[in-house]
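So this block is target-v5.cif, mmCIF, N, CA and C atoms:
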data_target
loop_
_atom_site.group_PDB
_atom_site.id
_atom_site.type_symbol
_atom_site.label_atom_id
_atom_site.label_comp_id
_atom_site.auth_asym_id
_atom_site.auth_seq_id
_atom_site.Cartn_x
_atom_site.Cartn_y
_atom_site.Cartn_z
ATOM 1 N N MET A 1315 95.346 62.068 131.191
ATOM 2 C CA MET A 1315 94.992 61.032 132.139
ATOM 3 C C MET A 1315 94.937 61.591 133.555
ATOM 4 N N GLU A 1316 95.808 62.521 133.860
ATOM 5 C CA GLU A 1316 95.820 63.099 135.203
ATOM 6 C C GLU A 1316 94.526 63.856 135.489
ATOM 7 N N THR A 1317 93.954 64.497 134.472
ATOM 8 C CA THR A 1317 92.691 65.214 134.660
ATOM 9 C C THR A 1317 91.566 64.238 134.969
ATOM 10 N N LEU A 1318 91.501 63.123 134.238
ATOM 11 C CA LEU A 1318 90.491 62.102 134.499
ATOM 12 C C LEU A 1318 90.635 61.556 135.916
ATOM 13 N N GLN A 1319 91.863 61.348 136.342
ATOM 14 C CA GLN A 1319 92.108 60.830 137.683
ATOM 15 C C GLN A 1319 91.589 61.803 138.739
ATOM 16 N N LYS A 1320 91.849 63.075 138.575
ATOM 17 C CA LYS A 1320 91.388 64.071 139.544
ATOM 18 C C LYS A 1320 89.865 64.175 139.558
ATOM 19 N N ILE A 1321 89.260 64.114 138.379
ATOM 20 C CA ILE A 1321 87.801 64.181 138.298
ATOM 21 C C ILE A 1321 87.182 62.953 138.962
ATOM 22 N N ALA A 1322 87.735 61.778 138.706
ATOM 23 C CA ALA A 1322 87.196 60.541 139.264
ATOM 24 C C ALA A 1322 87.453 60.441 140.761
ATOM 25 N N LEU A 1323 88.504 61.079 141.234
ATOM 26 C CA LEU A 1323 88.843 60.985 142.645
ATOM 27 C C LEU A 1323 87.842 61.722 143.536
ATOM 28 N N VAL A 1324 87.298 62.820 143.059
ATOM 29 C CA VAL A 1324 86.365 63.617 143.871
ATOM 30 C C VAL A 1324 85.121 62.820 144.261
ATOM 31 N N PRO A 1325 84.375 62.228 143.313
ATOM 32 C CA PRO A 1325 83.217 61.426 143.728
ATOM 33 C C PRO A 1325 83.602 60.204 144.554
ATOM 34 N N THR A 1326 84.780 59.647 144.304
ATOM 35 C CA THR A 1326 85.222 58.504 145.094
ATOM 36 C C THR A 1326 85.431 58.909 146.550
ATOM 37 N N ILE A 1327 86.014 60.068 146.772
ATOM 38 C CA ILE A 1327 86.196 60.580 148.135
ATOM 39 C C ILE A 1327 84.848 60.872 148.776
ATOM 40 N N ILE A 1328 83.938 61.462 148.021
ATOM 41 C CA ILE A 1328 82.595 61.739 148.547
ATOM 42 C C ILE A 1328 81.925 60.428 148.953
ATOM 43 N N GLY A 1329 82.059 59.395 148.131
ATOM 44 C CA GLY A 1329 81.490 58.096 148.461
ATOM 45 C C GLY A 1329 82.119 57.502 149.712
ATOM 46 N N ALA A 1330 83.417 57.667 149.861
ATOM 47 C CA ALA A 1330 84.092 57.147 151.048
ATOM 48 C C ALA A 1330 83.629 57.881 152.309
ATOM 49 N N VAL A 1331 83.484 59.193 152.211
ATOM 50 C CA VAL A 1331 82.991 59.959 153.357
ATOM 51 C C VAL A 1331 81.563 59.534 153.702
ATOM 52 N N ASN A 1332 80.743 59.321 152.683
ATOM 53 C CA ASN A 1332 79.369 58.875 152.918
ATOM 54 C C ASN A 1332 79.352 57.534 153.636
ATOM 55 N N TRP A 1333 80.195 56.589 153.197
ATOM 56 C CA TRP A 1333 80.251 55.285 153.868
ATOM 57 C C TRP A 1333 80.756 55.431 155.297
ATOM 58 N N GLY A 1334 81.684 56.340 155.533
ATOM 59 C CA GLY A 1334 82.152 56.591 156.891
ATOM 60 C C GLY A 1334 81.038 57.115 157.783
ATOM 61 N N LEU A 1335 80.216 58.018 157.238
ATOM 62 C CA LEU A 1335 79.080 58.543 157.995
ATOM 63 C C LEU A 1335 78.053 57.457 158.284
ATOM 64 N N ILE A 1336 77.834 56.583 157.313
ATOM 65 C CA ILE A 1336 76.890 55.476 157.516
ATOM 66 C C ILE A 1336 77.410 54.550 158.620
ATOM 67 N N GLY A 1337 78.679 54.223 158.564
ATOM 68 C CA GLY A 1337 79.243 53.311 159.548
ATOM 69 C C GLY A 1337 79.307 53.902 160.944
ATOM 70 N N ALA A 1338 79.673 55.169 161.039
ATOM 71 C CA ALA A 1338 79.871 55.786 162.347
ATOM 72 C C ALA A 1338 78.575 56.271 162.982
ATOM 73 N N PHE A 1339 77.694 56.845 162.164
ATOM 74 C CA PHE A 1339 76.518 57.515 162.722
ATOM 75 C C PHE A 1339 75.192 57.026 162.146
ATOM 76 N N ASP A 1340 75.234 56.016 161.276
ATOM 77 C CA ASP A 1340 74.034 55.533 160.598
ATOM 78 C C ASP A 1340 73.313 56.678 159.887
ATOM 79 N N PHE A 1341 74.112 57.548 159.245
ATOM 80 C CA PHE A 1341 73.590 58.720 158.538
ATOM 81 C C PHE A 1341 74.048 58.659 157.089
ATOM 82 N N ASN A 1342 73.104 58.597 156.160
ATOM 83 C CA ASN A 1342 73.405 58.557 154.735
ATOM 84 C C ASN A 1342 73.261 59.961 154.168
ATOM 85 N N LEU A 1343 74.382 60.598 153.869
ATOM 86 C CA LEU A 1343 74.387 61.982 153.383
ATOM 87 C C LEU A 1343 73.695 62.111 152.030
ATOM 88 N N VAL A 1344 73.912 61.152 151.138
ATOM 89 C CA VAL A 1344 73.307 61.223 149.805
ATOM 90 C C VAL A 1344 71.787 61.181 149.905
ATOM 91 N N THR A 1345 71.272 60.269 150.708
ATOM 92 C CA THR A 1345 69.823 60.175 150.888
ATOM 93 C C THR A 1345 69.282 61.413 151.593
ATOM 94 N N ALA A 1346 70.041 61.955 152.527
ATOM 95 C CA ALA A 1346 69.601 63.168 153.225
ATOM 96 C C ALA A 1346 69.510 64.359 152.266
ATOM 97 N N LEU A 1347 70.423 64.420 151.310
ATOM 98 C CA LEU A 1347 70.422 65.538 150.363
ATOM 99 C C LEU A 1347 69.375 65.388 149.263
ATOM 100 N N PHE A 1348 69.214 64.166 148.749
ATOM 101 C CA PHE A 1348 68.375 63.969 147.566
ATOM 102 C C PHE A 1348 67.123 63.140 147.825
ATOM 103 N N LYS A 1349 66.866 62.769 149.069
ATOM 104 C CA LYS A 1349 65.730 61.908 149.434
ATOM 105 C C LYS A 1349 65.818 60.604 148.648
ATOM 106 N N GLU A 1350 64.736 59.921 148.489
ATOM 107 C CA GLU A 1350 64.727 58.666 147.722
ATOM 108 C C GLU A 1350 64.301 58.980 146.281
ATOM 109 N N SER A 1351 65.148 59.674 145.562
ATOM 110 C CA SER A 1351 64.810 60.058 144.200
ATOM 111 C C SER A 1351 65.732 59.361 143.201
ATOM 112 N N MET A 1352 65.467 59.568 141.948
ATOM 113 C CA MET A 1352 66.303 59.021 140.887
ATOM 114 C C MET A 1352 67.705 59.622 140.959
ATOM 115 N N LEU A 1353 67.811 60.855 141.433
ATOM 116 C CA LEU A 1353 69.112 61.512 141.556
ATOM 117 C C LEU A 1353 70.020 60.771 142.538
ATOM 118 N N THR A 1354 69.431 60.194 143.580
ATOM 119 C CA THR A 1354 70.209 59.396 144.529
ATOM 120 C C THR A 1354 70.858 58.220 143.810
ATOM 121 N N ASN A 1355 70.102 57.532 142.980
ATOM 122 C CA ASN A 1355 70.645 56.408 142.207
ATOM 123 C C ASN A 1355 71.731 56.869 141.244
ATOM 124 N N VAL A 1356 71.547 58.029 140.633
ATOM 125 C CA VAL A 1356 72.540 58.572 139.704
ATOM 126 C C VAL A 1356 73.846 58.848 140.444
ATOM 127 N N VAL A 1357 73.751 59.424 141.643
ATOM 128 C CA VAL A 1357 74.954 59.699 142.436
ATOM 129 C C VAL A 1357 75.680 58.399 142.750
ATOM 130 N N TYR A 1358 74.934 57.377 143.194
ATOM 131 C CA TYR A 1358 75.561 56.091 143.506
ATOM 132 C C TYR A 1358 76.221 55.478 142.282
ATOM 133 N N ILE A 1359 75.581 55.564 141.135
ATOM 134 C CA ILE A 1359 76.137 55.010 139.900
ATOM 135 C C ILE A 1359 77.415 55.751 139.516
ATOM 136 N N LEU A 1360 77.399 57.081 139.608
ATOM 137 C CA LEU A 1360 78.594 57.869 139.272
ATOM 138 C C LEU A 1360 79.753 57.559 140.209
ATOM 139 N N VAL A 1361 79.475 57.416 141.493
ATOM 140 C CA VAL A 1361 80.533 57.067 142.447
ATOM 141 C C VAL A 1361 81.104 55.690 142.119
ATOM 142 N N GLY A 1362 80.240 54.747 141.766
ATOM 143 C CA GLY A 1362 80.707 53.417 141.387
ATOM 144 C C GLY A 1362 81.571 53.428 140.141
ATOM 145 N N ILE A 1363 81.169 54.175 139.138
ATOM 146 C CA ILE A 1363 81.954 54.289 137.907
ATOM 147 C C ILE A 1363 83.306 54.925 138.204
ATOM 148 N N CYS A 1364 83.308 55.963 139.024
ATOM 149 C CA CYS A 1364 84.570 56.623 139.375
ATOM 150 C C CYS A 1364 85.476 55.683 140.164
ATOM 151 N N GLY A 1365 84.896 54.843 141.004
ATOM 152 C CA GLY A 1365 85.689 53.849 141.718
ATOM 153 C C GLY A 1365 86.357 52.880 140.750
ATOM 154 N N LEU A 1366 85.620 52.448 139.738
ATOM 155 C CA LEU A 1366 86.183 51.550 138.723
ATOM 156 C C LEU A 1366 87.302 52.234 137.944
ATOM 157 N N ILE A 1367 87.116 53.509 137.624
ATOM 158 C CA ILE A 1367 88.164 54.272 136.935
ATOM 159 C C ILE A 1367 89.414 54.326 137.796
ATOM 160 N N ASN A 1368 89.241 54.557 139.094
ATOM 161 C CA ASN A 1368 90.390 54.627 139.998
ATOM 162 C C ASN A 1368 91.098 53.285 140.123
ATOM 163 N N ILE A 1369 90.345 52.183 140.077
ATOM 164 C CA ILE A 1369 90.979 50.864 140.087
ATOM 165 C C ILE A 1369 91.849 50.703 138.839
ATOM 166 N N GLY A 1370 91.322 51.106 137.689
ATOM 167 C CA GLY A 1370 92.097 51.046 136.450
ATOM 168 C C GLY A 1370 93.352 51.895 136.516
ATOM 169 N N ILE A 1371 93.245 53.077 137.072
ATOM 170 C CA ILE A 1371 94.409 53.958 137.205
ATOM 171 C C ILE A 1371 95.440 53.320 138.138
ATOM 172 N N LEU A 1372 94.983 52.727 139.238
ATOM 173 C CA LEU A 1372 95.890 52.064 140.171
ATOM 174 C C LEU A 1372 96.623 50.913 139.486
ATOM 175 N N LEU A 1373 95.895 50.098 138.746
ATOM 176 C CA LEU A 1373 96.526 48.966 138.066
ATOM 177 C C LEU A 1373 97.531 49.432 137.021
ATOM 178 N N MET A 1374 97.215 50.493 136.294
ATOM 179 C CA MET A 1374 98.159 51.032 135.314
ATOM 180 C C MET A 1374 99.413 51.554 136.009
ATOM 181 N N HIS A 1375 99.224 52.193 137.152
ATOM 182 C CA HIS A 1375 100.358 52.727 137.916
ATOM 183 C C HIS A 1375 101.243 51.590 138.424
ATOM 184 N N LEU A 1376 100.646 50.498 138.886
ATOM 185 C CA LEU A 1376 101.410 49.363 139.378
ATOM 186 C C LEU A 1376 102.195 48.689 138.262
ATOM 187 N N GLN A 1377 101.646 48.683 137.050
ATOM 188 C CA GLN A 1377 102.348 48.074 135.906
ATOM 189 C C GLN A 1377 103.542 48.922 135.501
ATOM 190 N N ARG A 1378 103.421 50.233 135.625
ATOM 191 C CA ARG A 1378 104.524 51.126 135.228
ATOM 192 C C ARG A 1378 105.659 51.122 136.242
ATOM 193 N N ASP A 1379 105.322 51.070 137.540
ATOM 194 C CA ASP A 1379 106.327 51.187 138.597
ATOM 195 C C ASP A 1379 106.347 49.955 139.491
ATOM 196 N N PRO A 1380 106.773 48.806 138.976
ATOM 197 C CA PRO A 1380 106.815 47.623 139.850
ATOM 198 C C PRO A 1380 107.956 47.767 140.860
ATOM 199 N N GLU A 1381 107.675 47.376 142.083
ATOM 200 C CA GLU A 1381 108.720 47.484 143.113
ATOM 201 C C GLU A 1381 109.085 46.147 143.636
#

Give the structure from the file, written as structure tokens.
Amino acid sequence: METLQKIALVPTIIGAVNWGLIGAFDFNLVTALFKESMLTNVVYILVGICGLINIGILLMHLQRDPE
């Protein structure tokens, strides 16, 4: 499970940095790298899936360690 978490965390961080660039500078790194291609959509889909995986990991962690 820890390996899945680390793998899913990388695209999630990339997505967060991209959103930060969009908010701060109106610059979309994904579109700049891949133009308006199908690969751009694939990147967005993968980041979204990884975000969902991270939500699941967070919820599992909260169930194990209630404070």

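Note that the spacing between atom N of A:Leu1360 and atom N of A:Leu1343 amounts to 15.0 Å.
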
Hey, could you pull the box centre and edge lengths for stretch 1339-1344 of chain A, axis-aligned, 3 Å padding per side, all listed atoms, to one decimal in Å, as JSON?
{"center_x": 74.7, "center_y": 58.8, "center_z": 156.3, "size_x": 11.9, "size_y": 12.6, "size_z": 18.9}

Inset, instruction - Run the PyMOL selection byres ((chain A and resi 1361) around 8) against the file shown and list the residues it catches, as a ChimeraX atom specification. - result: /A:1322,1324-1330,1355-1360,1362-1367

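Atom N of A:Ile1369 lies 9.2 Å from atom N of A:Leu1323.
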
Inset, instruction - Could you tell me how far atom C of A:Thr1354 lies from atom C of A:Leu1335, in Å and to one decimal? - result: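 Between atom C of A:Thr1354 and atom C of A:Leu1335 the gap works out to 16.2 Å.
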
Inset, instruction - Would you kindly return, as JSON, numbers by chain, each protein, DNA or RNA residue with an atom no farther than 7 Å from any atom of A:Val1344, considering all atoms listed in the file and excluding same-chain residues fewer than 4 positions away? - result: {"A": [1332, 1348, 1349, 1354]}
